[in-house]
file target-v3.cif (mmCIF, C-alpha atoms)
data_model
loop_
_atom_site.label_atom_id
_atom_site.label_comp_id
_atom_site.auth_asym_id
_atom_site.auth_seq_id
_atom_site.Cartn_x
_atom_site.Cartn_y
_atom_site.Cartn_z
CA MET A 29 111.23 10.77 303.08
CA SER A 30 111.63 14.54 303.56
CA ARG A 31 109.43 16.36 306.05
CA LEU A 32 107.98 18.40 303.17
CA LEU A 33 107.03 15.29 301.20
CA ALA A 34 105.60 13.61 304.29
CA GLY A 35 103.57 16.72 304.99
CA LEU A 36 102.21 16.81 301.47
CA LEU A 37 101.20 13.16 301.63
CA PHE A 38 99.46 13.75 304.95
CA LEU A 39 97.63 16.75 303.50
CA CYS A 40 96.50 14.74 300.45
CA ALA A 41 95.21 11.97 302.71
CA ALA A 42 93.37 14.48 304.87
CA ILE A 43 91.73 16.04 301.83
CA LEU A 44 90.65 12.60 300.59
CA VAL A 45 88.83 11.68 303.79
CA ALA A 46 87.69 15.11 304.94
CA PRO A 47 83.89 15.49 305.29
CA PRO A 48 82.04 18.42 303.76
CA ALA A 49 81.61 21.61 305.76
CA HIS A 50 79.62 21.20 308.96
CA ALA A 51 75.93 21.90 308.82
CA THR A 52 74.53 24.27 311.45
CA ILE A 53 71.82 22.50 313.44
CA THR A 54 70.64 24.59 316.36
CA GLY A 55 67.42 25.76 317.94
CA PRO A 56 64.56 24.35 319.98
CA SER A 57 63.19 22.27 317.11
CA VAL A 58 66.31 20.14 316.75
CA THR A 59 65.96 16.42 317.48
CA ASN A 60 68.74 13.99 318.40
CA VAL A 61 68.10 10.36 317.49
CA THR A 62 70.07 7.40 318.87
CA TYR A 63 69.88 4.18 316.87
CA THR A 64 69.84 0.60 318.09
CA GLN A 65 72.20 -1.81 316.35
CA THR A 66 71.26 -5.34 315.42
CA SER A 67 73.32 -8.51 315.40
CA ALA A 68 71.00 -10.08 312.83
CA GLY A 69 72.35 -11.55 309.64
CA PHE A 70 71.11 -10.28 306.28
CA PRO A 71 72.37 -10.04 302.70
CA ASN A 72 74.18 -6.96 301.47
CA PRO A 73 75.71 -6.42 298.01
CA GLU A 74 79.37 -7.08 297.23
CA ARG A 75 80.32 -8.67 300.54
CA GLY A 76 80.16 -11.87 302.56
CA PHE A 77 80.32 -15.55 301.73
CA TYR A 78 79.95 -16.65 298.11
CA HIS A 79 78.97 -19.89 296.42
CA HIS A 80 81.13 -21.65 293.84
CA THR A 81 79.45 -24.84 292.70
CA GLY A 82 80.73 -25.51 289.18
CA ASP A 83 82.55 -24.18 286.13
CA CYS A 84 80.69 -21.19 284.75
CA ASP A 85 81.26 -22.21 281.14
CA LYS A 86 79.58 -25.60 281.65
CA ASN A 87 77.01 -25.33 284.46
CA ASN A 88 74.18 -22.89 283.93
CA PHE A 89 73.16 -20.82 286.92
CA SER A 90 69.64 -21.54 288.13
CA LEU A 91 67.60 -18.43 288.84
CA ALA A 92 65.68 -20.14 291.63
CA THR A 93 68.88 -21.43 293.23
CA LEU A 94 70.54 -18.03 293.14
CA GLN A 95 67.44 -16.36 294.55
CA GLY A 96 67.49 -18.96 297.32
CA TYR A 97 71.06 -18.07 298.20
CA ARG A 98 69.92 -14.55 298.92
CA THR A 99 66.61 -15.22 300.63
CA SER A 100 67.53 -18.33 302.62
CA GLN A 101 71.29 -18.01 303.17
CA ASN A 102 71.91 -14.24 303.11
CA ILE A 103 74.44 -14.78 300.31
CA SER A 104 74.68 -12.17 297.57
CA LEU A 105 77.74 -13.41 295.64
CA VAL A 106 78.60 -16.24 293.27
CA MET A 107 81.87 -17.20 291.60
CA CYS A 108 82.00 -17.49 287.82
CA VAL A 109 85.19 -19.25 286.65
CA PHE A 110 84.78 -19.40 282.89
CA TYR A 111 87.18 -21.77 281.11
CA LEU A 112 88.25 -21.09 277.52
CA ALA A 113 89.94 -24.47 276.99
CA GLU A 114 88.48 -24.95 273.50
CA PHE A 115 89.85 -21.67 272.21
CA LYS A 116 93.60 -21.85 272.87
CA THR A 117 94.35 -21.61 269.15
CA GLY A 118 91.43 -19.54 267.91
CA ALA A 119 88.75 -17.02 268.68
CA ILE A 120 86.16 -17.51 271.41
CA SER A 121 82.99 -18.82 269.80
CA GLN A 122 79.84 -16.75 269.76
CA ALA A 123 78.12 -19.56 271.64
CA ALA A 124 80.60 -19.25 274.51
CA LEU A 125 80.30 -15.47 274.60
CA THR A 126 76.51 -15.79 274.66
CA ARG A 127 76.74 -18.30 277.49
CA PHE A 128 78.81 -15.85 279.53
CA GLN A 129 76.25 -13.12 278.83
CA ASN A 130 73.40 -15.40 279.86
CA GLN A 131 75.13 -16.43 283.07
CA LEU A 132 75.48 -12.83 284.20
CA ALA A 133 71.93 -12.04 283.11
CA THR A 134 70.77 -14.76 285.51
CA VAL A 135 72.94 -13.30 288.27
CA ARG A 136 71.31 -9.91 287.65
CA ALA A 137 67.79 -11.32 287.64
CA ALA A 138 68.50 -12.96 290.99
CA GLY A 139 69.79 -9.76 292.59
CA LEU A 140 73.32 -11.09 293.11
CA LYS A 141 76.78 -10.17 291.84
CA ALA A 142 79.61 -12.29 290.43
CA ILE A 143 83.31 -12.67 291.09
CA VAL A 144 84.64 -13.39 287.59
CA ARG A 145 87.72 -15.25 286.42
CA PHE A 146 88.75 -16.66 283.03
CA ALA A 147 91.19 -19.55 282.62
CA TYR A 148 92.24 -22.18 280.07
CA THR A 149 93.14 -25.28 282.07
CA THR A 150 92.75 -27.12 285.36
CA SER A 151 95.88 -29.19 284.73
CA THR A 152 99.16 -28.68 286.56
CA ASP A 153 100.73 -29.19 283.14
CA GLY A 154 99.87 -25.51 282.73
CA ASP A 155 98.53 -25.90 279.21
CA ASP A 156 97.23 -22.35 278.79
CA THR A 157 97.88 -20.24 275.68
CA THR A 158 100.06 -17.43 274.39
CA LYS A 159 100.02 -13.79 275.38
CA ALA A 160 98.85 -12.82 271.88
CA ARG A 161 95.88 -15.18 272.08
CA MET A 162 94.93 -13.93 275.55
CA LEU A 163 95.02 -10.32 274.39
CA ALA A 164 92.82 -11.18 271.41
CA HIS A 165 90.37 -13.00 273.68
CA LEU A 166 90.21 -9.98 275.97
CA ASP A 167 89.25 -7.83 273.00
CA GLN A 168 86.37 -10.22 272.39
CA LEU A 169 85.35 -10.19 276.04
CA ALA A 170 85.52 -6.40 276.37
CA PRO A 171 81.92 -5.58 275.35
CA TYR A 172 80.57 -8.33 277.62
CA LEU A 173 82.56 -7.10 280.61
CA SER A 174 81.32 -3.59 279.95
CA ALA A 175 77.68 -4.58 279.45
CA ASN A 176 77.67 -6.58 282.66
CA SER A 177 79.90 -4.47 284.88
CA ASP A 178 76.87 -3.65 287.03
CA VAL A 179 76.77 -7.22 288.33
CA ILE A 180 80.52 -7.91 288.27
CA GLU A 181 81.90 -7.34 291.74
CA VAL A 182 85.51 -7.86 290.72
CA VAL A 183 87.55 -9.69 288.06
CA GLN A 184 90.38 -11.95 289.16
CA ALA A 185 93.37 -11.69 286.82
CA GLY A 186 93.13 -15.37 285.88
CA PHE A 187 93.94 -16.45 282.29
CA ILE A 188 97.49 -17.58 283.07
CA GLY A 189 98.22 -21.11 284.28
CA ALA A 190 96.24 -23.86 285.97
CA TRP A 191 92.92 -22.51 287.33
CA GLY A 192 94.13 -19.05 286.27
CA GLU A 193 96.37 -18.91 289.36
CA TRP A 194 99.64 -18.04 287.57
CA TYR A 195 101.88 -20.84 288.92
CA TYR A 196 101.72 -23.83 286.57
CA THR A 197 102.00 -22.38 283.05
CA GLN A 198 103.65 -23.32 279.77
CA ASN A 199 103.79 -19.77 278.44
CA PHE A 200 104.63 -17.36 281.26
CA GLY A 201 107.35 -18.92 283.42
CA ASN A 202 106.53 -22.17 285.15
CA GLU A 203 106.47 -23.10 288.87
CA GLY A 204 107.99 -19.87 290.08
CA THR A 205 110.84 -19.77 287.57
CA ILE A 206 109.97 -16.47 285.90
CA THR A 207 112.25 -14.39 283.69
CA ALA A 208 112.06 -10.66 283.14
CA ALA A 209 110.42 -11.37 279.78
CA ASP A 210 107.86 -13.59 281.50
CA TRP A 211 107.03 -10.81 283.94
CA ALA A 212 106.66 -8.37 281.06
CA ASN A 213 104.22 -10.74 279.38
CA ARG A 214 102.28 -11.21 282.62
CA LYS A 215 102.02 -7.47 283.05
CA ALA A 216 100.86 -7.07 279.44
CA VAL A 217 97.94 -9.41 280.14
CA THR A 218 97.12 -7.63 283.39
CA ASP A 219 97.26 -4.20 281.77
CA LYS A 220 94.98 -5.48 279.01
CA ILE A 221 92.42 -6.70 281.56
CA LEU A 222 92.48 -3.26 283.18
CA SER A 223 92.05 -1.58 279.79
CA VAL A 224 89.01 -3.59 278.69
CA LEU A 225 87.31 -3.60 282.09
CA PRO A 226 85.31 -0.44 282.88
CA SER A 227 87.33 1.90 285.08
CA SER A 228 84.76 1.54 287.87
CA ARG A 229 85.86 -2.05 288.40
CA MET A 230 88.98 -3.56 289.95
CA ILE A 231 90.93 -6.76 289.42
CA GLN A 232 92.76 -9.07 291.82
CA VAL A 233 96.08 -10.91 291.54
CA ARG A 234 96.93 -14.15 293.29
CA THR A 235 99.92 -13.15 295.46
CA PRO A 236 101.42 -9.93 296.83
CA LYS A 237 104.62 -10.71 294.90
CA ILE A 238 102.75 -10.46 291.60
CA LYS A 239 101.61 -6.91 292.17
CA ARG A 240 104.85 -5.85 293.86
CA THR A 241 106.85 -7.10 290.86
CA MET A 242 104.67 -5.54 288.20
CA TYR A 243 103.57 -2.28 289.82
CA GLY A 244 106.13 -1.44 292.49
CA THR A 245 106.77 -2.45 296.07
CA THR A 246 105.22 0.59 297.75
CA ALA A 247 101.74 -0.02 299.13
CA LEU A 248 98.83 2.03 297.87
CA THR A 249 98.42 5.17 299.97
CA PRO A 250 95.17 6.87 301.04
CA ALA A 251 95.98 9.75 298.70
CA GLN A 252 96.21 7.34 295.75
CA ALA A 253 93.08 5.36 296.55
CA TYR A 254 90.43 5.37 293.81
CA ASN A 255 92.48 7.64 291.51
CA GLY A 256 92.01 5.31 288.53
CA SER A 257 95.64 4.22 288.26
CA ALA A 258 96.65 0.59 287.84
CA GLN A 259 98.01 0.56 291.38
CA ALA A 260 94.62 1.75 292.67
CA ARG A 261 92.73 -0.92 290.69
CA VAL A 262 94.80 -4.07 291.40
CA GLY A 263 93.77 -5.87 294.55
CA HIS A 264 94.47 -9.33 295.94
CA HIS A 265 93.00 -12.79 296.38
CA ASN A 266 94.25 -15.72 298.43
CA ASP A 267 92.96 -19.14 297.40
CA CYS A 268 94.84 -21.13 300.04
CA PHE A 269 94.07 -18.98 303.06
CA LEU A 270 95.49 -20.46 306.30
CA ALA A 271 96.51 -23.76 304.66
CA SER A 272 100.19 -23.58 305.68
CA PRO A 273 102.61 -21.09 307.26
CA ASP A 274 102.89 -19.27 303.92
CA ASP A 275 99.41 -20.22 302.63
CA TYR A 276 100.93 -22.63 300.08
CA GLY A 277 103.24 -20.07 298.54
CA THR A 278 100.90 -17.07 298.71
CA TYR A 279 103.54 -15.28 300.76
CA GLU A 280 107.24 -15.19 299.97
CA ASN A 281 108.33 -12.90 302.82
CA ALA A 282 105.62 -12.32 305.41
CA ALA A 283 107.66 -9.72 307.27
CA VAL A 284 107.44 -7.49 304.20
CA GLU A 285 104.23 -8.66 302.56
CA TYR A 286 101.96 -8.62 305.61
CA PRO A 287 102.36 -4.86 306.28
CA TYR A 288 102.14 -4.18 302.56
CA LEU A 289 98.91 -6.15 302.21
CA GLN A 290 97.42 -4.67 305.36
CA ALA A 291 97.91 -1.14 304.02
CA GLU A 292 96.77 -1.93 300.46
CA THR A 293 93.57 -3.72 301.27
CA ALA A 294 92.04 -0.81 303.17
CA TYR A 295 91.18 0.51 299.69
CA LEU A 296 91.34 -2.59 297.47
CA PRO A 297 89.41 -5.86 297.18
CA MET A 298 90.59 -8.83 299.23
CA GLY A 299 88.94 -12.24 299.16
CA GLY A 300 89.40 -15.89 298.27
CA GLU A 301 88.99 -19.30 299.81
CA THR A 302 90.54 -21.79 302.19
CA CYS A 303 92.00 -24.99 300.76
CA GLY A 304 92.58 -27.34 303.68
CA ALA A 305 92.32 -27.61 307.45
CA ASN A 306 95.55 -26.66 309.18
CA PRO A 307 94.88 -26.08 312.88
CA PRO A 308 95.70 -24.08 314.84
CA ARG A 309 96.46 -21.66 311.98
CA SER A 310 93.15 -22.38 310.22
CA SER A 311 91.17 -22.12 313.47
CA CYS A 312 89.12 -19.18 314.67
CA ALA A 313 91.77 -17.02 316.34
CA THR A 314 94.16 -16.72 313.40
CA ALA A 315 91.36 -16.73 310.81
CA MET A 316 89.63 -13.75 312.38
CA SER A 317 92.87 -11.91 313.07
CA GLU A 318 94.06 -12.15 309.46
CA MET A 319 90.67 -11.47 307.91
CA GLY A 320 90.57 -8.28 309.94
CA MET A 321 94.19 -7.37 309.24
CA PHE A 322 93.82 -7.82 305.49
CA HIS A 323 90.30 -6.40 305.15
CA TRP A 324 88.60 -9.47 303.70
CA SER A 325 85.40 -8.70 301.77
CA TYR A 326 84.39 -12.16 300.57
CA LEU A 327 85.09 -15.87 301.14
CA ASN A 328 84.03 -19.17 299.59
CA THR A 329 81.39 -20.90 301.72
CA ASP A 330 81.79 -24.20 299.81
CA TYR A 331 85.51 -24.75 300.17
CA HIS A 332 87.19 -25.98 302.22
CA PRO A 333 84.31 -27.59 304.15
CA ASP A 334 86.56 -28.80 306.97
CA VAL A 335 87.77 -25.27 307.64
CA ILE A 336 84.27 -23.79 307.52
CA SER A 337 82.90 -26.49 309.86
CA GLY A 338 85.84 -25.88 312.19
CA TRP A 339 84.85 -22.23 312.46
CA ASN A 340 81.31 -23.31 313.19
CA SER A 341 82.34 -25.66 315.97
CA GLY A 342 84.86 -23.10 317.20
CA GLY A 343 82.13 -20.52 317.64
CA CYS A 344 83.35 -17.84 315.23
CA LEU A 345 81.43 -18.57 312.03
CA ALA A 346 78.53 -16.25 312.86
CA GLN A 347 80.89 -13.38 313.54
CA ILE A 348 82.87 -14.04 310.35
CA THR A 349 79.58 -14.07 308.42
CA ARG A 350 78.66 -10.67 309.82
CA ARG A 351 82.07 -9.02 309.50
CA LEU A 352 83.23 -10.02 306.02
CA GLY A 353 83.27 -6.79 304.02
CA TYR A 354 81.46 -3.77 305.41
CA ARG A 355 78.78 -3.66 308.12
CA PHE A 356 77.48 -0.15 308.51
CA ALA A 357 75.32 0.82 311.48
CA LEU A 358 73.75 4.16 312.32
CA GLN A 359 74.96 5.51 315.65
CA SER A 360 73.20 8.87 315.99
CA GLY A 361 71.53 11.59 314.01
CA THR A 362 70.71 15.26 314.54
CA TYR A 363 67.91 16.81 312.49
CA PRO A 364 65.63 19.84 312.53
CA SER A 365 61.93 19.24 313.01
CA THR A 366 60.87 21.97 310.59
CA ALA A 367 62.16 23.31 307.29
CA THR A 368 61.06 25.59 304.46
CA HIS A 369 60.73 24.53 300.83
CA GLY A 370 63.53 26.15 298.88
CA GLY A 371 65.49 26.50 302.13
CA ALA A 372 68.27 24.63 303.87
CA LEU A 373 67.88 21.31 305.66
CA PRO A 374 70.95 20.56 307.80
CA VAL A 375 71.55 16.94 308.83
CA ARG A 376 74.22 15.19 310.81
CA VAL A 377 74.40 11.37 310.74
CA THR A 378 77.07 9.21 312.35
CA VAL A 379 77.74 5.73 310.94
CA ARG A 380 80.12 3.05 312.23
CA ASN A 381 81.67 0.29 310.13
CA ASP A 382 81.88 -2.89 312.20
CA GLY A 383 82.98 -4.97 309.23
CA TRP A 384 86.52 -5.85 308.21
CA ALA A 385 86.52 -3.82 304.99
CA ALA A 386 84.95 -0.87 303.24
CA PRO A 387 83.09 -1.16 299.93
CA PHE A 388 85.59 -0.94 297.08
CA ASN A 389 83.19 -0.24 294.21
CA PRO A 390 81.47 3.16 293.77
CA ARG A 391 78.48 3.74 296.00
CA ASN A 392 76.13 6.73 296.16
CA VAL A 393 74.50 8.25 299.24
CA ALA A 394 71.25 10.23 299.22
CA LEU A 395 68.94 11.78 301.76
CA VAL A 396 65.37 10.85 300.89
CA LEU A 397 62.33 12.85 301.98
CA ARG A 398 59.04 11.00 301.57
CA ASN A 399 55.72 12.70 302.10
CA THR A 400 53.84 10.76 304.78
CA ALA A 401 50.47 11.54 303.17
CA THR A 402 51.18 11.19 299.45
CA SER A 403 54.36 9.04 299.47
CA ALA A 404 55.97 11.48 297.03
CA VAL A 405 59.75 11.05 297.17
CA TYR A 406 62.49 13.67 296.92
CA ARG A 407 66.11 12.54 296.67
CA LEU A 408 68.92 14.87 297.70
CA PRO A 409 72.48 13.65 296.96
CA LEU A 410 74.92 13.78 299.85
CA ASN A 411 78.65 14.46 299.65
CA ALA A 412 79.61 11.16 301.25
CA ASN A 413 81.74 8.28 300.00
CA PRO A 414 81.12 4.93 301.74
CA ARG A 415 84.42 3.64 300.30
CA LEU A 416 86.07 5.90 302.88
CA TRP A 417 84.01 4.58 305.79
CA LEU A 418 86.88 2.40 306.86
CA ALA A 419 86.79 -0.79 308.91
CA GLY A 420 86.43 -0.22 312.64
CA ALA A 421 85.95 3.53 312.23
CA THR A 422 83.11 6.01 312.60
CA ALA A 423 82.18 8.43 309.81
CA THR A 424 79.92 11.47 309.95
CA ILE A 425 77.72 12.86 307.21
CA ASP A 426 77.50 16.53 308.16
CA GLN A 427 75.82 18.54 305.45
CA SER A 428 73.16 21.10 304.68
CA VAL A 429 71.03 20.30 301.63
CA THR A 430 68.61 22.59 299.83
CA LEU A 431 64.99 21.53 299.58
CA PRO A 432 63.33 21.96 296.16
CA SER A 433 61.36 25.18 295.93
CA SER A 434 58.48 23.22 294.39
CA MET A 435 58.24 20.86 297.35
CA PRO A 436 54.70 20.89 298.78
CA ALA A 437 54.13 21.66 302.42
CA GLY A 438 53.63 18.61 304.56
CA THR A 439 55.27 16.07 306.83
CA TYR A 440 58.19 14.11 305.39
CA ALA A 441 59.96 11.03 306.68
CA LEU A 442 63.74 11.18 306.45
CA LEU A 443 65.49 8.14 304.98
CA LEU A 444 69.02 7.27 303.88
CA ASP A 445 69.66 5.53 300.58
CA LEU A 446 72.99 3.93 299.61
CA PRO A 447 72.22 2.68 296.10
CA ASP A 448 74.42 1.06 293.51
CA PRO A 449 75.10 3.76 290.89
CA GLN A 450 74.40 1.31 288.05
CA LEU A 451 71.42 -0.43 289.67
CA SER A 452 69.67 2.39 291.49
CA SER A 453 66.21 1.05 290.62
CA ARG A 454 66.95 -2.32 292.25
CA PRO A 455 66.48 -2.09 296.06
CA GLU A 456 68.30 -5.37 296.66
CA TYR A 457 71.49 -3.69 295.47
CA SER A 458 71.21 -0.89 298.03
CA ILE A 459 73.11 -1.18 301.31
CA ARG A 460 71.11 -2.20 304.36
CA LEU A 461 72.22 -0.69 307.66
CA ALA A 462 72.67 -2.92 310.72
CA ASN A 463 70.01 -1.30 312.89
CA GLU A 464 66.65 -2.24 314.30
CA ASN A 465 63.53 -1.01 312.48
CA VAL A 466 65.21 0.99 309.71
CA TRP A 467 65.35 -1.22 306.59
CA GLU A 468 62.69 -1.09 303.89
CA ALA A 469 63.15 -4.06 301.57
CA ALA A 470 60.63 -2.74 299.06
CA THR A 471 62.48 0.56 298.52
CA GLY A 472 66.07 -0.14 299.61
CA PHE A 473 65.83 2.85 301.97
CA ASN A 474 66.95 3.01 305.60
CA SER A 475 64.63 5.02 307.82
CA LEU A 476 66.31 7.69 309.95
CA LEU A 477 63.35 7.43 312.35
CA HIS A 478 62.56 11.13 312.10
CA THR A 479 60.06 13.36 310.32
CA VAL A 480 60.39 16.97 309.19
CA THR A 481 57.52 19.38 308.69
CA VAL A 482 58.06 21.42 305.54
CA ASN A 483 56.29 24.79 305.44
#
call {"tool": "encode", "arguments": {"input": "target-v3.cif", "output": "structure tokens"}}
result
Amino acid sequence: MSRLLAGLLFLCAAILVAPPAHATITGPSVTNVTYTQTSAGFPNPERGFYHHTGDCDKNNFSLATLQGYRTSQNISLVMCVFYLAEFKTGAISQAALTRFQNQLATVRAAGLKAIVRFAYTTSTDGDDTTKARMLAHLDQLAPYLSANSDVIEVVQAGFIGAWGEWYYTQNFGNEGTITAADWANRKAVTDKILSVLPSSRMIQVRTPKIKRTMYGTTALTPAQAYNGSAQARVGHHNDCFLASPDDYGTYENAAVEYPYLQAETAYLPMGGETCGANPPRSSCATAMSEMGMFHWSYLNTDYHPDVISGWNSGGCLAQITRRLGYRFALQSGTYPSTATHGGALPVRVTVRNDGWAAPFNPRNVALVLRNTATSAVYRLPLNANPRLWLAGATATIDQSVTLPSSMPAGTYALLLDLPDPQLSSRPEYSIRLANENVWEAATGFNSLLHTVTVN
């Protein structure tokens, strides 16, 4: 790579992560607040352990059960593997499409999100269906994926082969013997999934080789992250994590694929499940090392039970539970004590991500001012992107916002809101910060533990 090209790439990356211009916060009325972190467990959207308890096309989700996952187990995710076995030679029935819609409606009512996959068979005979049929089915599924994208965390590529895992298949190159034509057909299905899924959502493929073959061997760069391209929307899942030296064929060449995956997953979804105890590889030390290295956001709590119980007895399960995905904690804040309506309000907030990943779906940030006497709320958008608050790093929101000129005089509590752009009225879909005495479950706001007097 030439020095000029390297310099341009560095500049692009710097622009991507650069914060807005610094706010000026000076004077005798400035207050510095230091926040206390908590080690408590709590649910947060789009991260953590998930439940997978049955096929989504056959077993109806129970609203009470899903609500219990959140309130009693701090789990905010479920897996929906929806089999289309009856429709290999024809259109998906309206009854099946309605069932899929109803399943995600229950997920929404419960305040959870779903990891979605479609497949045709559970048999190692690989009795799936043709590319043409899959593409037609995706056209049918398109409006349902769009209508429910708010509660879809991610879509696994699925469709092809046994369990939708792309290995045993009668139509796309079986058991690793894959021709150029087979790869072209696989890519056609993947491109179709990307085309029918709203651009705000990503997909995942089963092995690094799949993406490297179809979309190039160069890892996604910071400058390319979230640019809407296929490369920026195709992540990874590993459904035999730690089960063998190569995770049962997940890796073909670890020396190449490990660095590739480590770089990619800083900006892409990574998750999956274990599939068998294999100590010492499946024990705490390697599990935590690789979940951190590959930025794991989610993991199946139901499978494999021997691996999960081994982490419990090994003393790392609580830490894994906390660190899957993001875990944002306020570090410090600097705020004025007075402001003028119609004038500037400069704020500086430092947040650390102690999780293994950053959020990979869009996420808004707003400064909220709430009148302490009337409870009137004013929301001021902030130029911050939590998807760039990377694992193990500290980010600073450093911005001056303008207060509305119509804002009444009074005392206002400062709060931080990190809502889901599609579910902003649902506080359970806002991000909770890992600090003492800041979270408001009723509003989804995080108190900044400071008030401002507006004159």
call {"tool": "residues_around", "arguments": {"input": "target-v3.cif", "residues": "A:Tyr295", "least_positions_apart": "5", "cutoff": "10 Å", "atoms": "only C-alpha atoms", "output": "PyMOL selection string"}}
result
chain A and resi 248-250+252-254+260-261+263+290+323+385-389+415-416+418
call {"tool": "resolve_selection", "arguments": {"input": "target-v3.cif", "expression": "the PyMOL selection byres ((chain A and resi 167-171) around 9)", "output": "list in words"}}
result
Ala119, Ile120, Leu125, Met162, Leu163, Ala164, His165, Leu166, Tyr172, Leu173, Ser174, Ala175, Asn176, Lys220, Ile221, Ser223, Val224, Leu225 and Pro226 of chain A
call {"tool": "closest_atom_pairs", "arguments": {"input": "target-v3.cif", "of": "stretch 66-109 of chain A", "to": "stretch 144-153 of chain A", "cutoff": "10 Å", "atoms": "all atoms listed in the file", "output": "JSON lines"}}
result
{"residue": "A:Cys84", "atom": "CA", "partner": "A:Val144", "partner_atom": "CA", "distance": 9.2}
{"residue": "A:Asp85", "atom": "CA", "partner": "A:Phe146", "partner_atom": "CA", "distance": 9.5}
{"residue": "A:Val106", "atom": "CA", "partner": "A:Val144", "partner_atom": "CA", "distance": 8.8}
{"residue": "A:Met107", "atom": "CA", "partner": "A:Val144", "partner_atom": "CA", "distance": 6.2}
{"residue": "A:Cys108", "atom": "CA", "partner": "A:Val144", "partner_atom": "CA", "distance": 4.9}
{"residue": "A:Val109", "atom": "CA", "partner": "A:Arg145", "partner_atom": "CA", "distance": 4.7}
call {"tool": "residues_around", "arguments": {"input": "target-v3.cif", "residues": "stretch 374-378 of chain A", "least_positions_apart": "3", "cutoff": "8 Å", "atoms": "only C-alpha atoms", "output": "VMD selection string"}}
result
chain A and resid 51 to 53 358 to 364 422 to 429
call {"tool": "write_last_selection", "arguments": {"input": "target-v3.cif", "atoms": "C-alpha atoms", "output": "PDB file, keeping the file's coordinate frame"}}
result
ATOM      1  CA  ALA A  51      75.930  21.900 308.820  1.00  0.00           C
ATOM      2  CA  THR A  52      74.530  24.270 311.450  1.00  0.00           C
ATOM      3  CA  ILE A  53      71.820  22.500 313.440  1.00  0.00           C
ATOM      4  CA  LEU A 358      73.750   4.160 312.320  1.00  0.00           C
ATOM      5  CA  GLN A 359      74.960   5.510 315.650  1.00  0.00           C
ATOM      6  CA  SER A 360      73.200   8.870 315.990  1.00  0.00           C
ATOM      7  CA  GLY A 361      71.530  11.590 314.010  1.00  0.00           C
ATOM      8  CA  THR A 362      70.710  15.260 314.540  1.00  0.00           C
ATOM      9  CA  TYR A 363      67.910  16.810 312.490  1.00  0.00           C
ATOM     10  CA  PRO A 364      65.630  19.840 312.530  1.00  0.00           C
ATOM     11  CA  THR A 422      83.110   6.010 312.600  1.00  0.00           C
ATOM     12  CA  ALA A 423      82.180   8.430 309.810  1.00  0.00           C
ATOM     13  CA  THR A 424      79.920  11.470 309.950  1.00  0.00           C
ATOM     14  CA  ILE A 425      77.720  12.860 307.210  1.00  0.00           C
ATOM     15  CA  ASP A 426      77.500  16.530 308.160  1.00  0.00           C
ATOM     16  CA  GLN A 427      75.820  18.540 305.450  1.00  0.00           C
ATOM     17  CA  SER A 428      73.160  21.100 304.680  1.00  0.00           C
ATOM     18  CA  VAL A 429      71.030  20.300 301.630  1.00  0.00           C
TER      19      VAL A 429
END
call {"tool": "closest_residue", "arguments": {"input": "target-v3.cif", "among": "A:Val58, A:Ala258, A:Leu431, A:Met321", "to": "A:Ala291", "atoms": "only C-alpha atoms"}}
result
A:Met321
call {"tool": "residues_around", "arguments": {"input": "target-v3.cif", "residues": "A:Leu397", "least_positions_apart": "4", "cutoff": "10 Å", "atoms": "only C-alpha atoms", "output": "VMD selection string"}}
result
chain A and resid 403 to 408 431 439 to 444 479 to 480
call {"tool": "write_last_selection", "arguments": {"input": "target-v3.cif", "atoms": "C-alpha atoms", "output": "mmCIF file, in the frame of the given file"}}
result
data_model
loop_
_atom_site.group_PDB
_atom_site.id
_atom_site.type_symbol
_atom_site.label_atom_id
_atom_site.label_comp_id
_atom_site.auth_asym_id
_atom_site.auth_seq_id
_atom_site.Cartn_x
_atom_site.Cartn_y
_atom_site.Cartn_z
ATOM 1 C CA SER A 403 54.360 9.040 299.470
ATOM 2 C CA ALA A 404 55.970 11.480 297.030
ATOM 3 C CA VAL A 405 59.750 11.050 297.170
ATOM 4 C CA TYR A 406 62.490 13.670 296.920
ATOM 5 C CA ARG A 407 66.110 12.540 296.670
ATOM 6 C CA LEU A 408 68.920 14.870 297.700
ATOM 7 C CA LEU A 431 64.990 21.530 299.580
ATOM 8 C CA THR A 439 55.270 16.070 306.830
ATOM 9 C CA TYR A 440 58.190 14.110 305.390
ATOM 10 C CA ALA A 441 59.960 11.030 306.680
ATOM 11 C CA LEU A 442 63.740 11.180 306.450
ATOM 12 C CA LEU A 443 65.490 8.140 304.980
ATOM 13 C CA LEU A 444 69.020 7.270 303.880
ATOM 14 C CA THR A 479 60.060 13.360 310.320
ATOM 15 C CA VAL A 480 60.390 16.970 309.190
#
call {"tool": "atom_distance", "arguments": {"input": "target-v3.cif", "atom1": "atom CA of A:Ile348", "atom2": "atom CA of A:Asn266"}}
result
16.6 Å
call {"tool": "residues_near_point", "arguments": {"input": "target-v3.cif", "point": "(84.5, -22.2, 308.0)", "cutoff": "12 Å", "atoms": "only C-alpha atoms", "output": "PyMOL selection string"}}
result
chain A and resi 77+269-270+301-306+310-312+315-316+327-349
call {"tool": "closest_residue", "arguments": {"input": "target-v3.cif", "among": "A:Ala113, A:Tyr63, A:Gly383, A:Pro273", "to": "A:Asn474", "atoms": "all atoms listed in the file"}}
result
A:Tyr63
call {"tool": "atom_distance", "arguments": {"input": "target-v3.cif", "atom1": "atom CA of A:Ala462", "atom2": "atom CA of A:Ser177"}}
result
26.9 Å
call {"tool": "residues_near_point", "arguments": {"input": "target-v3.cif", "point": "(107.3, -22.9, 286.9)", "cutoff": "12 Å", "atoms": "only C-alpha atoms", "output": "ChimeraX atom specification"}}
result
/A:152-154,188-190,193-207,210
